[in-house]
Structure formats: structure tokens, C-alpha cells
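Colleague: Structure file model_22.pdb (PDB, C-alpha atoms) is given on the next line.
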```pdb
ATOM      1  CA  MET A  17    -162.049 -65.989 -11.907
ATOM      2  CA  GLU A  18    -159.623 -63.313 -10.724
ATOM      3  CA  ALA A  19    -156.758 -65.109 -12.478
ATOM      4  CA  LEU A  20    -158.694 -65.003 -15.754
ATOM      5  CA  LYS A  21    -159.279 -61.258 -15.377
ATOM      6  CA  LYS A  22    -155.553 -60.718 -14.819
ATOM      7  CA  LEU A  23    -154.762 -62.889 -17.841
ATOM      8  CA  ARG A  24    -157.146 -60.867 -19.998
ATOM      9  CA  LEU A  25    -155.612 -57.647 -18.766
ATOM     10  CA  HIS A  26    -152.107 -58.926 -19.575
ATOM     11  CA  VAL A  27    -153.245 -60.111 -23.003
ATOM     12  CA  THR A  28    -154.866 -56.740 -23.692
ATOM     13  CA  PHE A  29    -151.793 -54.748 -22.645
ATOM     14  CA  GLY A  30    -149.553 -57.129 -24.596
ATOM     15  CA  ALA A  31    -151.800 -56.744 -27.634
ATOM     16  CA  LEU A  32    -151.705 -52.946 -27.420
ATOM     17  CA  ALA A  33    -147.907 -53.022 -27.079
ATOM     18  CA  THR A  34    -147.719 -55.345 -30.082
ATOM     19  CA  ILE A  35    -149.892 -52.992 -32.134
ATOM     20  CA  LEU A  36    -147.679 -50.053 -31.139
ATOM     21  CA  MET A  37    -144.507 -51.947 -32.094
ATOM     22  CA  GLY A  38    -146.128 -53.019 -35.347
ATOM     23  CA  VAL A  39    -146.961 -49.416 -36.216
ATOM     24  CA  LEU A  40    -143.379 -48.381 -35.375
ATOM     25  CA  PHE A  41    -141.997 -51.179 -37.586
ATOM     26  CA  LEU A  42    -144.362 -50.212 -40.390
ATOM     27  CA  VAL A  43    -143.768 -46.456 -40.287
ATOM     28  CA  TRP A  44    -140.110 -46.180 -39.236
ATOM     29  CA  ALA A  45    -138.625 -49.401 -40.621
ATOM     30  CA  ASP A  46    -135.599 -47.617 -42.151
ATOM     31  CA  SER A  47    -134.704 -45.920 -38.879
ATOM     32  CA  ILE A  48    -135.164 -49.122 -36.882
ATOM     33  CA  VAL A  49    -132.905 -51.081 -39.255
ATOM     34  CA  LYS A  50    -130.228 -48.374 -39.000
ATOM     35  CA  ALA A  51    -130.547 -48.231 -35.208
ATOM     36  CA  PHE A  52    -130.265 -52.017 -34.987
ATOM     37  CA  ALA A  53    -127.149 -51.950 -37.180
ATOM     38  CA  TRP A  54    -125.704 -49.160 -34.991
ATOM     39  CA  VAL A  55    -126.297 -51.217 -31.830
ATOM     40  CA  ILE A  56    -124.603 -54.229 -33.424
ATOM     41  CA  GLY A  57    -121.682 -51.998 -34.431
ATOM     42  CA  VAL A  58    -121.299 -50.660 -30.889
ATOM     43  CA  ILE A  59    -121.415 -54.198 -29.481
ATOM     44  CA  LEU A  60    -118.724 -55.300 -31.950
ATOM     45  CA  VAL A  61    -116.525 -52.332 -30.999
ATOM     46  CA  VAL A  62    -116.877 -53.126 -27.285
ATOM     47  CA  ILE A  63    -116.108 -56.820 -27.878
ATOM     48  CA  GLY A  64    -113.137 -56.025 -30.092
ATOM     49  CA  VAL A  65    -111.637 -53.418 -27.760
ATOM     50  CA  THR A  66    -112.181 -55.672 -24.741
ATOM     51  CA  GLN A  67    -110.471 -58.587 -26.452
ATOM     52  CA  PHE A  68    -107.635 -56.397 -27.723
ATOM     53  CA  LEU A  69    -106.973 -54.855 -24.315
ATOM     54  CA  GLY A  70    -107.384 -58.211 -22.588
ATOM     55  CA  LYS A  71    -104.685 -59.732 -24.778
ATOM     56  CA  LEU A  72    -102.504 -56.618 -24.566
ATOM     57  CA  PHE A  73    -102.460 -56.458 -20.769
ATOM     58  CA  GLY A  74    -103.041 -60.160 -20.089
ATOM     59  CA  ASP A  75    -100.451 -62.750 -19.203
ATOM     60  CA  THR A  76    -100.382 -64.256 -22.670
ATOM     61  CA  GLY A  77     -99.932 -61.079 -24.726
ATOM     62  CA  ARG A  78    -100.719 -63.082 -27.863
ATOM     63  CA  SER A  79    -100.572 -60.966 -30.970
ATOM     64  CA  SER A  80    -103.129 -63.146 -32.806
ATOM     65  CA  GLY A  81    -105.728 -62.387 -30.108
ATOM     66  CA  MET A  82    -104.904 -58.700 -30.326
ATOM     67  CA  LEU A  83    -105.216 -58.823 -34.111
ATOM     68  CA  ILE A  84    -108.613 -60.532 -33.928
ATOM     69  CA  GLY A  85    -109.823 -58.053 -31.302
ATOM     70  CA  GLY A  86    -108.642 -55.132 -33.406
ATOM     71  CA  LEU A  87    -110.316 -56.578 -36.492
ATOM     72  CA  ILE A  88    -113.617 -57.030 -34.637
ATOM     73  CA  ALA A  89    -113.413 -53.412 -33.422
ATOM     74  CA  VAL A  90    -112.694 -52.138 -36.940
ATOM     75  CA  ILE A  91    -115.663 -54.111 -38.303
ATOM     76  CA  GLY A  92    -117.799 -52.583 -35.547
ATOM     77  CA  VAL A  93    -116.707 -49.065 -36.515
ATOM     78  CA  TRP A  94    -117.436 -49.875 -40.173
ATOM     79  CA  VAL A  95    -120.939 -51.085 -39.254
ATOM     80  CA  ILE A  96    -121.569 -47.872 -37.257
ATOM     81  CA  LEU A  97    -120.423 -45.698 -40.167
ATOM     82  CA  HIS A  98    -122.181 -47.725 -42.896
ATOM     83  CA  GLN A  99    -125.421 -48.874 -41.274
ATOM     84  CA  GLU A 100    -127.406 -49.325 -44.488
ATOM     85  CA  THR A 101    -124.689 -51.403 -46.118
ATOM     86  CA  ALA A 102    -124.243 -53.504 -42.995
ATOM     87  CA  ALA A 103    -127.992 -54.131 -42.762
ATOM     88  CA  GLY A 104    -128.030 -55.169 -46.409
ATOM     89  CA  ILE A 105    -125.231 -57.724 -46.149
ATOM     90  CA  VAL A 106    -127.504 -60.662 -45.285
ATOM     91  CA  PRO A 107    -129.794 -60.214 -48.307
ATOM     92  CA  MET A 108    -126.682 -59.706 -50.467
ATOM     93  CA  LEU A 109    -125.230 -63.008 -49.267
ATOM     94  CA  ILE A 110    -128.546 -64.749 -49.912
ATOM     95  CA  GLY A 111    -128.573 -63.166 -53.369
ATOM     96  CA  VAL A 112    -125.117 -64.515 -54.156
ATOM     97  CA  VAL A 113    -126.202 -68.001 -53.055
ATOM     98  CA  LEU A 114    -129.299 -67.775 -55.273
ATOM     99  CA  VAL A 115    -127.232 -66.673 -58.290
ATOM    100  CA  VAL A 116    -124.759 -69.533 -57.776
ATOM    101  CA  HIS A 117    -127.608 -72.044 -57.407
ATOM    102  CA  GLY A 118    -129.257 -70.590 -60.515
ATOM    103  CA  LEU A 119    -126.092 -71.045 -62.557
ATOM    104  CA  GLN A 120    -125.800 -74.609 -61.252
ATOM    105  CA  GLY A 121    -129.450 -75.244 -62.139
ATOM    106  CA  ILE A 122    -128.963 -73.969 -65.685
ATOM    107  CA  SER A 123    -125.887 -76.151 -66.078
ATOM    108  CA  LEU A 124    -127.811 -79.188 -64.828
ATOM    109  CA  ALA A 125    -130.738 -78.405 -67.137
ATOM    110  CA  PHE A 126    -128.462 -78.378 -70.170
ATOM    111  CA  SER A 127    -126.863 -81.617 -68.976
ATOM    112  CA  GLY A 128    -130.371 -83.070 -68.753
ATOM    113  CA  ARG A 129    -131.122 -81.880 -72.282
ATOM    114  CA  THR A 130    -127.954 -83.576 -73.529
ATOM    115  CA  VAL A 131    -129.113 -86.916 -72.098
ATOM    116  CA  LYS A 132    -132.659 -86.287 -73.392
ATOM    117  CA  MET A 133    -134.243 -85.850 -69.954
ATOM    118  CA  PRO A 134    -137.960 -85.105 -70.249
ATOM    119  CA  HIS A 135    -138.937 -81.568 -69.264
ATOM    120  CA  TRP A 136    -135.303 -80.460 -68.973
ATOM    121  CA  TRP A 137    -136.481 -76.893 -69.591
ATOM    122  CA  VAL A 138    -138.123 -76.810 -66.147
ATOM    123  CA  GLY A 139    -134.646 -76.831 -64.597
ATOM    124  CA  LEU A 140    -133.657 -74.025 -66.969
ATOM    125  CA  ILE A 141    -136.611 -71.903 -65.868
ATOM    126  CA  ILE A 142    -135.865 -72.574 -62.191
ATOM    127  CA  GLY A 143    -132.207 -71.619 -62.707
ATOM    128  CA  ILE A 144    -133.126 -68.382 -64.477
ATOM    129  CA  LEU A 145    -135.653 -67.537 -61.746
ATOM    130  CA  ASP A 146    -132.992 -68.184 -59.085
ATOM    131  CA  ILE A 147    -130.608 -65.798 -60.856
ATOM    132  CA  VAL A 148    -133.282 -63.092 -61.174
ATOM    133  CA  LEU A 149    -134.273 -63.419 -57.497
ATOM    134  CA  GLY A 150    -130.603 -63.408 -56.483
ATOM    135  CA  CYS A 151    -129.999 -60.206 -58.424
ATOM    136  CA  VAL A 152    -133.034 -58.609 -56.755
ATOM    137  CA  CYS A 153    -131.589 -59.573 -53.355
ATOM    138  CA  ILE A 154    -128.213 -58.092 -54.250
ATOM    139  CA  VAL A 155    -129.484 -54.867 -55.818
ATOM    140  CA  CYS A 156    -132.306 -54.175 -53.332
ATOM    141  CA  ALA A 157    -130.655 -55.548 -50.182
ATOM    142  CA  PHE A 158    -131.445 -52.704 -47.783
ATOM    143  CA  ARG A 159    -134.948 -52.276 -49.173
ATOM    144  CA  LEU A 160    -135.625 -55.985 -48.604
ATOM    145  CA  VAL A 161    -134.588 -55.683 -44.954
ATOM    146  CA  THR A 162    -136.860 -52.651 -44.571
ATOM    147  CA  LEU A 163    -139.703 -54.428 -46.374
ATOM    148  CA  ALA A 164    -139.307 -57.474 -44.123
ATOM    149  CA  LEU A 165    -139.531 -55.226 -41.077
ATOM    150  CA  GLN A 166    -142.646 -53.551 -42.495
ATOM    151  CA  VAL A 167    -144.259 -56.945 -43.154
ATOM    152  CA  MET A 168    -143.465 -57.924 -39.562
ATOM    153  CA  GLY A 169    -145.074 -54.655 -38.468
ATOM    154  CA  VAL A 170    -148.279 -55.529 -40.324
ATOM    155  CA  MET A 171    -148.213 -59.004 -38.738
ATOM    156  CA  MET A 172    -147.768 -57.498 -35.282
ATOM    157  CA  ILE A 173    -150.641 -55.053 -35.811
ATOM    158  CA  TYR A 174    -152.849 -57.955 -36.926
ATOM    159  CA  ASP A 175    -151.807 -60.022 -33.899
ATOM    160  CA  GLY A 176    -152.510 -57.181 -31.488
ATOM    161  CA  ILE A 177    -155.929 -56.431 -32.978
ATOM    162  CA  ALA A 178    -156.844 -60.136 -33.032
ATOM    163  CA  SER A 179    -155.820 -60.506 -29.375
ATOM    164  CA  CYS A 180    -157.870 -57.464 -28.356
ATOM    165  CA  LEU A 181    -160.892 -58.784 -30.250
ATOM    166  CA  LEU A 182    -160.530 -62.194 -28.631
ATOM    167  CA  VAL A 183    -160.409 -60.703 -25.143
ATOM    168  CA  HIS A 184    -163.420 -58.534 -25.974
ATOM    169  CA  ARG A 185    -165.421 -61.509 -27.277
ATOM    170  CA  VAL A 186    -164.615 -63.650 -24.231
ATOM    171  CA  ASN A 187    -165.578 -60.800 -21.906
ATOM    172  CA  ARG A 188    -168.838 -60.288 -23.777
ATOM    173  CA  ALA A 189    -169.648 -64.022 -23.751
ATOM    174  CA  GLU A 190    -169.037 -64.165 -20.003
ATOM    175  CA  LYS A 191    -171.186 -61.091 -19.468
ATOM    176  CA  ASP A 192    -173.998 -62.689 -21.496
ATOM    177  CA  ILE A 193    -173.757 -65.855 -19.377
ATOM    178  CA  ILE A 194    -173.791 -63.857 -16.142
ATOM    179  CA  ASP A 195    -176.728 -61.758 -17.407
ATOM    180  CA  SER A 196    -178.664 -64.899 -18.394
ATOM    181  CA  ARG A 197    -178.014 -66.440 -14.952
ATOM    182  CA  ILE A 198    -179.265 -63.290 -13.242
ATOM    183  CA  ILE A 199    -182.388 -63.268 -15.409
ATOM    184  CA  SER A 200    -183.021 -66.980 -14.824
ATOM    185  CA  GLU A 201    -182.488 -66.611 -11.041
ATOM    186  CA  THR A 202    -184.806 -63.586 -10.997
ATOM    187  CA  THR A 203    -187.551 -65.478 -12.853
ATOM    188  CA  ASP A 204    -187.119 -68.520 -10.589
ATOM    189  CA  ASP A 205    -187.689 -66.337  -7.530
ATOM    190  CA  ILE A 206    -190.980 -65.032  -8.868
TER
END
```
Show how you would write the structure in this file as C-alpha cells.
Modeller:
Amino acid sequence: MEALKKLRLHVTFGALATILMGVLFLVWADSIVKAFAWVIGVILVVIGVTQFLGKLFGDTGRSSGMLIGGLIAVIGVWVILHQETAAGIVPMLIGVVLVVHGLQGISLAFSGRTVKMPHWWVGLIIGILDIVLGCVCIVCAFRLVTLALQVMGVMMIYDGIASCLLVHRVNRAEKDIIDSRIISETTDDI
């Protein structure tokens, strides 16, 4: 019984922490994305400088290792200075892939039309939709990252509230059982 109480306490605290993080993600998504990009930039700088100095003062002294280390450090500095752009790179890459797939889909649709494929226009619509979605990813890259973080914030708030409600319902059900046992034992004694 004591273990269950501890579990409920842990679930409740975890749920409250999840709600708090969800609110932070929802309200300050832009700042969190920038901070995350900054941390990644700092990590890249440390890795690059460490590799550069390791190759510079190491036994091998290989210039290719120094070049790679320097390049990693420069990329890290770029990420620190351009956090929004760095955070938007992933959606931009996904957008490029979608545009390329859309162009391929349109090409295949017209090939299907040439060979009199039934419903060839479905491929054309899919290709156009891929291109439109790809352009949205490219143009709104940073906003998509922020929106994703906000959606995760809403999910975390939901999860935290649901966990708190579950703990509350289990506690109430147990209390009702204990109360009914006390009442039944009291009436049996009479």
C-alpha cells in the first residue's frame, strides 16, 4: 500500500512537471528553439576546437583532422549567430525533399497519362500537393519548428492533466472502498 502511495506521489509530481514544461513550450516556443540551437552551436564549437587542438598538438598532426575540427567549430559559431536559420534547416530540407518528390510525381502522372493509365490525374494532384507542402516547409521553416514545439506543449499539458485526474480518481475510488468497509464493519458490529 505504501508503494502505491509513493507511485501516486511520483506520478502527480511528474504530471505537474509535465504541465509546467508544456506551458513553457506553448508560451515560449520561440525562445526555447533559439536556446536549443544555441546549445547545439556551443557543443559544435567545443567539439570542433577539441578536435582541432587534438590534431594540432597530437602525434599525428594531420591537417585533414584539423580542417574538419575547424569546420565543425565554424559551423558551431554560425549556429550560435544564426539560431533561427539553424533551427529552420530541418524543415527546409524536408521541404526540398517534398518539392523533388512532387516534381517526380507530376512527371510520373504525365507518363501514366501517355500510356492511358486510369486516374492518372490522382498522381498529378499528389505531386502538386507535395510541391505546395514543400514550399510551405521552406518558406515557414522556423515557424514550423515553433509550431511543433507548441503542439508538443499542448500534448504535455494534456498528459499532465490526465495523469493528475487518474491519480485523483484512483485515490477517490480507494477512499470509497475504505469508507464502505468501515461502514460495513460498523454495521456488522451492531
Colleague: Which residues would end up in the selection if the PyMOL selection byres ((chain A and resi 178-188) around 10) were applied here, given that I need the answer as a ChimeraX atom specification?
Modeller: /A:21,23-25,27-32,34-35,172-177,189-194
Colleague: Could you jot down the atom CA of Val148 of chain A to atom CA of Ile110 of chain A separation for me, Å, one decimal place?
Modeller: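 So the answer is 12.3 Å.
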Colleague: Between atom CA of Ala33 of chain A and atom CA of Pro107 of chain A, what is the distance in Å, rounded to a tenth?
Modeller: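 One can read the atom CA of Ala33 of chain A to atom CA of Pro107 of chain A distance as 28.8 Å.
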Colleague: Could you jot down the atom CA of Ala103 of chain A to atom CA of Phe52 of chain A separation for me, Å, one decimal place?
Modeller: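 If I compute the distance from atom CA of Ala103 of chain A to atom CA of Phe52 of chain A, I get 8.4 Å.
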Colleague: In the coordinates of the file, take the point (-128.5, -64.6, -46.4) and a cut-off of 12 Å; then, counting all atoms listed in the file, name each qualifying protein, DNA or RNA residue as a JSON list (two decimals) with C-alpha atoms, in the frame of the given file.
Modeller:
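Contents of the output file out35.json:
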```
[["chain", "number", "residue", "atom", "x", "y", "z"],
["A", 103, "ALA", "CA", -127.99, -54.13, -42.76],
["A", 104, "GLY", "CA", -128.03, -55.17, -46.41],
["A", 105, "ILE", "CA", -125.23, -57.72, -46.15],
["A", 106, "VAL", "CA", -127.50, -60.66, -45.28],
["A", 107, "PRO", "CA", -129.79, -60.21, -48.31],
["A", 108, "MET", "CA", -126.68, -59.71, -50.47],
["A", 109, "LEU", "CA", -125.23, -63.01, -49.27],
["A", 110, "ILE", "CA", -128.55, -64.75, -49.91],
["A", 111, "GLY", "CA", -128.57, -63.17, -53.37],
["A", 112, "VAL", "CA", -125.12, -64.52, -54.16],
["A", 113, "VAL", "CA", -126.20, -68.00, -53.06],
["A", 114, "LEU", "CA", -129.30, -67.78, -55.27],
["A", 150, "GLY", "CA", -130.60, -63.41, -56.48],
["A", 153, "CYS", "CA", -131.59, -59.57, -53.36],
["A", 154, "ILE", "CA", -128.21, -58.09, -54.25],
["A", 157, "ALA", "CA", -130.66, -55.55, -50.18],
["A", 160, "LEU", "CA", -135.62, -55.98, -48.60],
["A", 161, "VAL", "CA", -134.59, -55.68, -44.95]]
```
Colleague: What residues come out when you apply the PyMOL selection byres ((chain A and resi 46) around 10) to this file, written as a list of chain:residue names?
Modeller: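 Applying the PyMOL selection byres ((chain A and resi 46) around 10) to the structure shown produces A:Phe41, A:Leu42, A:Val43, A:Trp44, A:Ala45, A:Ser47, A:Ile48, A:Val49, A:Lys50, A:Ala51, A:Phe52, A:Glu100, A:Phe158, A:Arg159, A:Val161, A:Thr162, A:Leu163, A:Leu165, A:Gln166.
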Colleague: Residues at most 10 Å from Gly64 of chain A, counting all atoms listed in the file, excluding those fewer than 5 positions away in the same chain, as a JSON list (two decimals) with C-alpha atoms, in the frame of the given file?
Modeller:
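So around11.json came out as:
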```json
[["chain", "number", "residue", "atom", "x", "y", "z"],
["A", 58, "VAL", "CA", -121.30, -50.66, -30.89],
["A", 59, "ILE", "CA", -121.42, -54.20, -29.48],
["A", 69, "LEU", "CA", -106.97, -54.86, -24.32],
["A", 70, "GLY", "CA", -107.38, -58.21, -22.59],
["A", 81, "GLY", "CA", -105.73, -62.39, -30.11],
["A", 82, "MET", "CA", -104.90, -58.70, -30.33],
["A", 83, "LEU", "CA", -105.22, -58.82, -34.11],
["A", 84, "ILE", "CA", -108.61, -60.53, -33.93],
["A", 85, "GLY", "CA", -109.82, -58.05, -31.30],
["A", 86, "GLY", "CA", -108.64, -55.13, -33.41],
["A", 87, "LEU", "CA", -110.32, -56.58, -36.49],
["A", 88, "ILE", "CA", -113.62, -57.03, -34.64],
["A", 89, "ALA", "CA", -113.41, -53.41, -33.42],
["A", 90, "VAL", "CA", -112.69, -52.14, -36.94],
["A", 91, "ILE", "CA", -115.66, -54.11, -38.30],
["A", 92, "GLY", "CA", -117.80, -52.58, -35.55]]
```
Colleague: At a cut-off of 9 Å, using all atoms listed in the file, what residues contact Leu140 of chain A? Leave out same-chain residues fewer than 6 positions from it and give the result as a list in words.
Modeller: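 The contact residues come out as Gly118, Gly121, Ile122, Ser123, Leu124, Ala125 and Phe126 of chain A.
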Colleague: Would you please work out which residue, of A:Gln99, A:Thr130, A:Ser200, A:Thr66, is nearest to Ala53 of chain A when using only C-alpha atoms?
Modeller: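 Once distances to Ala53 of chain A are computed over only C-alpha atoms, the minimum belongs to A:Gln99.
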Colleague: Which residue out of A:Ala19, A:Val115, A:Leu72, A:Leu60 has the minimum interatomic distance to Cys151 of chain A when all atoms listed in the file are used?
Modeller: A:Val115
